[in-house]
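Input: a single structure, listed below in structure tokens.
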Amino acid sequence: MSSDAMAIRAAEASGKPWVETLHEWVTTVDHKRLGILYIVFALIFLIIGGVEATVMRIQLMRPHNGFVSPQVFNRLFTMHGTTMIFFVAMPVLFGFANYLVPLMIGARDMAFPRLNAFSFWLTAFGGFLLYFSFVGGSGLYGAGNAPDVGWWAYAPLTARAFSPGHSSDYWTIAVLVSGFGSIGTAINIIATILCMRCPGMKLGRMPLLIWLNLVMSGMVLITITPLSAAQIMLLVDRYLGGHFFDTQAGGSAAIWMHFFWIFGHPEVYILIIPCFAFMSEIIPVFSRKPIFGYPVMVGATVCIGFVSMSVWAHHMFTIGMSSYSNAFFTLTSMVVGVPTGIKIFNWLGTMWGGKLIFKTPMLFCIGFLFQFLIAGLTGIMLAVSPFDWQLSGSYFVVAHFHYVIVGGILFSLFAAFYCWYPKITGRMLNEFLGKLHFWLFLIGFHMTFDVMHIPGILGMPRRIYTYEPGRGWDTLNLIVTIGTFIQGIAVLVFVTNLIYSYFKGPEAGNDPWDAWTLEWSVSSPPPEYNFATIPTVASRRPLWDRKHPEDPDSRYE
Amino acid sequence: MNAITTPITQTPGAWSLPYKGKVAMACLIIAESSIFTIFVVAYLFYVGKSLAGPTPREVLETPIFYTICLLSSSLTIHFASRFLERGNRAVFLGLLFLTILLGSLFLFGTGQEWHRLIYEHGLTISTNLFGTTYYSLVGLHATHVTVGLLMLGIALLLGLAGRVGPEQSARVDVLTMYWHFVDAVWIVVFTVVYVLGR
């Protein structure tokens, strides 16, 4: 029945002129299509940001390299950071949230479909605006085109005197606009989760992915907005002659740091919590066991949400805060490790005694667990303020946060791709290419980011465009660069897999992983209306109940 | 326990969830509060740090009358939506109009104060830190008042066209929430700018 309907629609689609198809995608308000748009947008920017990283690594491959000029290098690291955080990580996670949240709670769409489309296009135009700076940014002064003030854009650098032309304005407005998009999506996700759940889906029965996206969206509301406020202040300074960050007129450069990091640190948790969500859905299915400690997982997430909002100044230990501030932020930064540790134990507890299936999604999950643990441990090291005084602004910090973002966030994203690609496209990803992707990426990742800690400890500062030979950094930097290339090849394998499997992959069917949440109960890809009849659930694993009527979960709730 | 939960899931009538408009507005208010918090913190941080005059003590006058206008408009909009709920559309429209009038009066007061500061005291957004923080904080609030007035105006126009009945009262309630928020923010801004900041 449903396959008949799909066949008819496919026939219709193939007969359509491409302009009409394009028009449909541009004007869509369907949460699934918007989710795909978010994800594709983010993948394109992932490639762009990755190329920027690779160019930087080529420049740093050997001392006194002249691959790019210092000015271009400044632009590269600024654009790389801004792109990866605001136009890769945020949109791809919002994309998955958009796609999965209504399906998992048994709803037909998000609460506000048009707001959803509006938010996506805000984010998209933010990204286009940022990259338009390459051609439009030089302004009247013939000054540098793309933003070159670092992704956190510390205060005196962004003043008119030090950043003439319009490059910093492009940065400010791009981030501001995409921030409004994020707030719109966050409001939408919260309203969807609280108001659109199918009958029986009580808060305590929501899949953990839903819970974690709820917490993430709540954090977006509270922590993206300070950045928006700070960007408005920066615009007032640059365009209306204000003095917020103007030290010549009594303003403070440090207050920009506070405002930025009040956003900046919780942002890391905004990015990692949806990744925890992927872990909490994928690990149980591939261990053939329900998640261990569901209520504790929810509690730990909420706890992370709160505590992570009071740790921001650990990015600022070197600016000379009082010893009380240093002690406070050291303490809170260590405390936030506790609920995170609880989560890792719960995932291990889920795997313990389970029937592990080592398919590609599970491999990436296991990689995540190891790497996120190490990233957390170097995080604890950096939270100790005296240690941070020594290593702040060095490659040790760069290695630490790339361990979180690549080793944690990107690995879990790859796991999510391999897990939900069959649902989104109706085709399985190729398992051989998937394993090749995993092993290449794993090797490249560890070559790059394990080794990168060492030049940091040896004193190599971040954001330098070259260095003197003979300081013991040369070979290490070469290894780091080689690792980058291996990661690049792995990503190409991944992209090849995405494209190849879209056309040639085996049919996935409704439920290729024998999973338990509602999105697997509908066809792949799901019909436009998601559910012909709105489902009713009686436990945390509605599909388990349906498959095992003799022993449903609802009996034990 | 089991015997109690099962029948609830089987009768869909018992399944009720909050109204999405209210939830979304509550979220927006949380986000906006965060923006205002940052501006308020900046204002307080920079109190007394201007290198040149004029200072708040010299030039600010407490706008008691206009504050009363804005705060009482919260009452009028509240009763407007209550009357709409009961189906009394004439009183609803009257009170809605009164709300817009009071809000506009407040905005006029802000404009008058800015005019006085700019032309009599030469205080602009680029004069000193006080000017920068004062105009951006008060201006941010005035922007929100303007947006609120526009939305109330649309509601009034639709109401005059006979399109707003008791069945729309939930939507008017969402607008009411926003207006209450704008008023509540003014209490904070008032306290910070005219009481603590002088």
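In the structure tokens, each chain is lettered A, B, ... as it comes, each chain's residues begin at 1, and ligands are numbered from 1 in order of appearance.
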Mind dumping a table of every chain A residue within 9 Å of chain B, with the nearest atom pair and its distance in Å to one decimal, using only C-alpha atoms, sorted by chain and rising number, as CSV?
```
residue,atom,partner,partner_atom,distance
A:Ala111,CA,B:Lys20,CA,6.8
A:Phe112,CA,B:Lys20,CA,8.7
A:Ile183,CA,B:Ala31,CA,7.6
A:Gly184,CA,B:Leu28,CA,8.5
A:Ala186,CA,B:Cys27,CA,8.5
A:Ile187,CA,B:Ala24,CA,5.7
A:Asn188,CA,B:Ala24,CA,7.1
A:Ile190,CA,B:Ala24,CA,7.5
A:Ala191,CA,B:Lys20,CA,5.5
A:Thr192,CA,B:Lys20,CA,7.5
A:Leu194,CA,B:Pro18,CA,7.0
A:Cys195,CA,B:Leu17,CA,5.2
A:Met196,CA,B:Leu17,CA,7.4
A:Arg197,CA,B:Leu17,CA,7.9
A:Cys198,CA,B:Trp15,CA,8.6
A:Pro199,CA,B:Trp15,CA,5.9
A:Gly200,CA,B:Thr9,CA,5.0
A:Met201,CA,B:Thr9,CA,8.8
A:Gly218,CA,B:Cys27,CA,8.0
A:Val220,CA,B:Ala31,CA,8.3
A:Leu221,CA,B:Ala31,CA,4.6
A:Ile222,CA,B:Ala31,CA,5.5
A:Thr223,CA,B:Ser34,CA,7.5
A:Ile224,CA,B:Ala31,CA,8.3
A:Thr225,CA,B:Ile35,CA,5.4
A:Pro226,CA,B:Ile35,CA,5.5
A:Leu227,CA,B:Ile35,CA,8.4
A:Ser228,CA,B:Ile35,CA,7.3
A:Ala229,CA,B:Ile35,CA,5.4
A:Ala230,CA,B:Ile38,CA,7.7
A:Met233,CA,B:Ser136,CA,8.0
A:Val236,CA,B:Thr132,CA,8.1
A:Asp237,CA,B:Ser126,CA,8.4
A:Leu240,CA,B:Ser126,CA,6.7
A:Gly241,CA,B:Ser126,CA,4.9
A:Gly242,CA,B:Ser126,CA,4.8
A:His243,CA,B:Leu129,CA,5.7
A:Phe244,CA,B:Leu129,CA,6.9
A:Ala249,CA,B:Leu51,CA,6.2
A:Gly250,CA,B:Ser50,CA,6.0
A:Gly251,CA,B:Leu129,CA,7.0
A:Ser252,CA,B:Tyr46,CA,8.7
A:Ile255,CA,B:Ala42,CA,8.0
A:Phe259,CA,B:Ile38,CA,7.5
A:Thr536,CA,B:Thr9,CA,7.0
A:Val537,CA,B:Thr9,CA,7.4
A:Ala538,CA,B:Thr9,CA,6.9
A:Ser554,CA,B:Asn2,CA,8.3
A:Arg555,CA,B:Asn2,CA,7.3
A:Tyr556,CA,B:Asn2,CA,8.5
A:Glu557,CA,B:Asn2,CA,7.4
```
Export, as a PDB file, in the first residue's frame, the selected residues with C-alpha atoms.
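To be explicit, this is the file written out as again.pdb:
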```
ATOM      1  CA  ALA A 111       5.094  23.048  15.669  1.00  0.00           C
ATOM      2  CA  PHE A 112       5.816  25.988  13.349  1.00  0.00           C
ATOM      3  CA  ILE A 183      16.961  30.889  18.202  1.00  0.00           C
ATOM      4  CA  GLY A 184      14.025  30.337  15.847  1.00  0.00           C
ATOM      5  CA  ALA A 186      15.378  26.229  19.195  1.00  0.00           C
ATOM      6  CA  ILE A 187      11.956  27.746  19.937  1.00  0.00           C
ATOM      7  CA  ASN A 188      10.486  25.440  17.316  1.00  0.00           C
ATOM      8  CA  ILE A 190      10.956  23.101  22.274  1.00  0.00           C
ATOM      9  CA  ALA A 191       7.399  23.866  21.166  1.00  0.00           C
ATOM     10  CA  THR A 192       7.342  20.693  19.073  1.00  0.00           C
ATOM     11  CA  LEU A 194       6.279  19.982  24.529  1.00  0.00           C
ATOM     12  CA  CYS A 195       3.139  20.362  22.418  1.00  0.00           C
ATOM     13  CA  MET A 196       3.149  17.801  19.605  1.00  0.00           C
ATOM     14  CA  ARG A 197       3.846  14.453  21.289  1.00  0.00           C
ATOM     15  CA  CYS A 198       1.593  11.577  20.281  1.00  0.00           C
ATOM     16  CA  PRO A 199      -0.819  10.147  22.863  1.00  0.00           C
ATOM     17  CA  GLY A 200       0.970   8.235  25.602  1.00  0.00           C
ATOM     18  CA  MET A 201       4.355   9.843  24.941  1.00  0.00           C
ATOM     19  CA  GLY A 218      16.851  25.491  26.077  1.00  0.00           C
ATOM     20  CA  VAL A 220      20.431  27.848  22.765  1.00  0.00           C
ATOM     21  CA  LEU A 221      17.788  30.259  24.048  1.00  0.00           C
ATOM     22  CA  ILE A 222      19.906  31.352  26.982  1.00  0.00           C
ATOM     23  CA  THR A 223      23.397  31.294  25.513  1.00  0.00           C
ATOM     24  CA  ILE A 224      23.202  32.217  21.811  1.00  0.00           C
ATOM     25  CA  THR A 225      21.407  35.417  22.779  1.00  0.00           C
ATOM     26  CA  PRO A 226      24.337  36.910  24.751  1.00  0.00           C
ATOM     27  CA  LEU A 227      26.380  36.557  21.573  1.00  0.00           C
ATOM     28  CA  SER A 228      23.639  38.321  19.613  1.00  0.00           C
ATOM     29  CA  ALA A 229      23.633  41.088  22.225  1.00  0.00           C
ATOM     30  CA  ALA A 230      27.417  41.402  22.037  1.00  0.00           C
ATOM     31  CA  MET A 233      27.042  46.194  20.755  1.00  0.00           C
ATOM     32  CA  VAL A 236      26.904  50.044  17.665  1.00  0.00           C
ATOM     33  CA  ASP A 237      30.618  50.556  18.239  1.00  0.00           C
ATOM     34  CA  LEU A 240      27.345  54.535  15.511  1.00  0.00           C
ATOM     35  CA  GLY A 241      30.579  55.421  17.262  1.00  0.00           C
ATOM     36  CA  GLY A 242      29.693  53.720  20.528  1.00  0.00           C
ATOM     37  CA  HIS A 243      32.268  52.922  23.206  1.00  0.00           C
ATOM     38  CA  PHE A 244      31.270  49.506  24.570  1.00  0.00           C
ATOM     39  CA  ALA A 249      36.903  56.087  26.093  1.00  0.00           C
ATOM     40  CA  GLY A 250      36.826  54.015  29.299  1.00  0.00           C
ATOM     41  CA  GLY A 251      35.318  50.926  27.684  1.00  0.00           C
ATOM     42  CA  SER A 252      36.556  47.468  28.512  1.00  0.00           C
ATOM     43  CA  ILE A 255      33.842  42.573  28.908  1.00  0.00           C
ATOM     44  CA  PHE A 259      30.145  38.198  26.722  1.00  0.00           C
ATOM     45  CA  THR A 536      -0.145   5.678  20.587  1.00  0.00           C
ATOM     46  CA  VAL A 537       2.727   4.624  22.798  1.00  0.00           C
ATOM     47  CA  ALA A 538       2.799   2.891  26.158  1.00  0.00           C
ATOM     48  CA  SER A 554       4.983  -1.223  29.117  1.00  0.00           C
ATOM     49  CA  ARG A 555       4.546  -4.151  31.488  1.00  0.00           C
ATOM     50  CA  TYR A 556       7.561  -2.991  33.496  1.00  0.00           C
ATOM     51  CA  GLU A 557       6.815   0.727  33.654  1.00  0.00           C
TER      52      GLU A 557
END
```
Neighbour list for Ser73 (chain B) as a list in words, cut-off 10 Å, only C-alpha atoms, skip fewer than 3 positions in-chain: Thr67, Ile68, Cys69, Leu70, Thr76, Ile77, His78, Phe79, Leu95, Leu96, Leu98, Thr99, Ile100, Leu101, Leu102, Gly103, Phe106, Trp179, His180 and Asp183 of chain B
Pick from B:Leu152, B:Ile187, B:Thr55, B:Val40 nearest to His121 (chain B), counting only C-alpha atoms: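 Ranked by minimum distance to His121 (chain B), first place goes to B:Thr55.
The coordinates place CA of Ile489 (chain A) at 23.7 Å from CA of Thr78 (chain A).
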Residue contacts of Val29 (chain A) (8 Å, only C-alpha atoms) excluding same-chain residues fewer than 2 positions away, as a PyMOL selection string: chain A and resi 27+31+33-34+113-114+116-117
Using only N, CA and C atoms, please write the residues we just selected to a file, as a short mmCIF file (atom, residue, chain, number, x, y, z; two decimals), in the first residue's frame.
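Written file, part25.cif:
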```cif
data_model
loop_
_atom_site.label_atom_id
_atom_site.label_comp_id
_atom_site.auth_asym_id
_atom_site.auth_seq_id
_atom_site.Cartn_x
_atom_site.Cartn_y
_atom_site.Cartn_z
N THR A 27 10.90 26.36 -1.46
CA THR A 27 9.73 26.87 -0.74
C THR A 27 9.20 25.87 0.28
N HIS A 31 9.37 19.39 7.54
CA HIS A 31 10.51 19.27 8.46
C HIS A 31 11.58 18.33 7.93
N ARG A 33 12.37 17.74 4.67
CA ARG A 33 13.15 18.41 3.62
C ARG A 33 14.05 19.48 4.22
N LEU A 34 13.52 20.23 5.20
CA LEU A 34 14.36 21.26 5.81
C LEU A 34 15.53 20.62 6.54
N PRO A 113 5.99 25.13 11.07
CA PRO A 113 6.75 24.78 9.85
C PRO A 113 7.33 26.00 9.13
N ARG A 114 6.59 27.10 9.09
CA ARG A 114 7.13 28.25 8.35
C ARG A 114 8.27 28.92 9.09
N ASN A 116 10.25 27.33 10.81
CA ASN A 116 11.33 26.38 10.57
C ASN A 116 12.07 26.74 9.28
N ALA A 117 11.30 26.96 8.20
CA ALA A 117 11.92 27.33 6.93
C ALA A 117 12.65 28.67 7.06
#
```
Residue neighbourhood Asp169 (chain A), 10 Å, only C-alpha atoms, exclusion window fewer than 4 positions, as a PyMOL selection string: chain A and resi 130+133+137+146-147+158+163-165+173-175+231+234-235+238-239
Nearest to Ser322 (chain A) by atom-to-atom distance, counting only C-alpha atoms, from A:Phe41, A:Gly349, A:Met56, A:Ser385: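 Of all the options, A:Ser385 lies closest to Ser322 (chain A).
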Per-residue DSSP, chain B, filtered to helix (DSSP H, G or I), as a PyMOL selection string: chain B and resi 2-10+12-14+20-45+56-59+64-85+89-121+129-160+166-196
Residue neighbourhood Leu440 (chain A), 10 Å, only C-alpha atoms, exclusion window fewer than 2 positions, as JSON, numbers by chain: {"A": [434, 435, 436, 437, 438, 442, 443, 444, 445, 483, 486, 487, 488, 489, 490, 491, 493]}
Residue contacts of Tyr99 (chain A) (9 Å, only C-alpha atoms) excluding same-chain residues fewer than 4 positions away, as a ChimeraX atom specification: /A:31-36,94-95,103,424
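Of note, CA of Leu46 (chain A) and CA of Val88 (chain A) are spaced 5.7 Å apart.
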Surrounding residues of Pro102 (chain A) excluding itself and chain neighbours under 4 positions, 8 Å, only C-alpha atoms, as a ChimeraX atom specification: /A:31,98,106-110,192-193,196
Interatomic distance, CA of Leu348 (chain A) to CA of Tyr403 (chain A) (Å, one decimal):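 Going from CA of Leu348 (chain A) over to CA of Tyr403 (chain A) covers 20.0 Å.
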From B:Leu123, B:Leu93, B:Leu84, B:Ile118, residue lying nearest Gln168 (chain B) [only C-alpha atoms]: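 Under the stated criterion, the closest residue is B:Leu84.
Ranking B:Thr143, B:Thr176, B:Thr110, B:Ser81 by their shortest atom-to-atom distance to Phe65 (chain B), with only C-alpha atoms included, puts B:Thr110 first.
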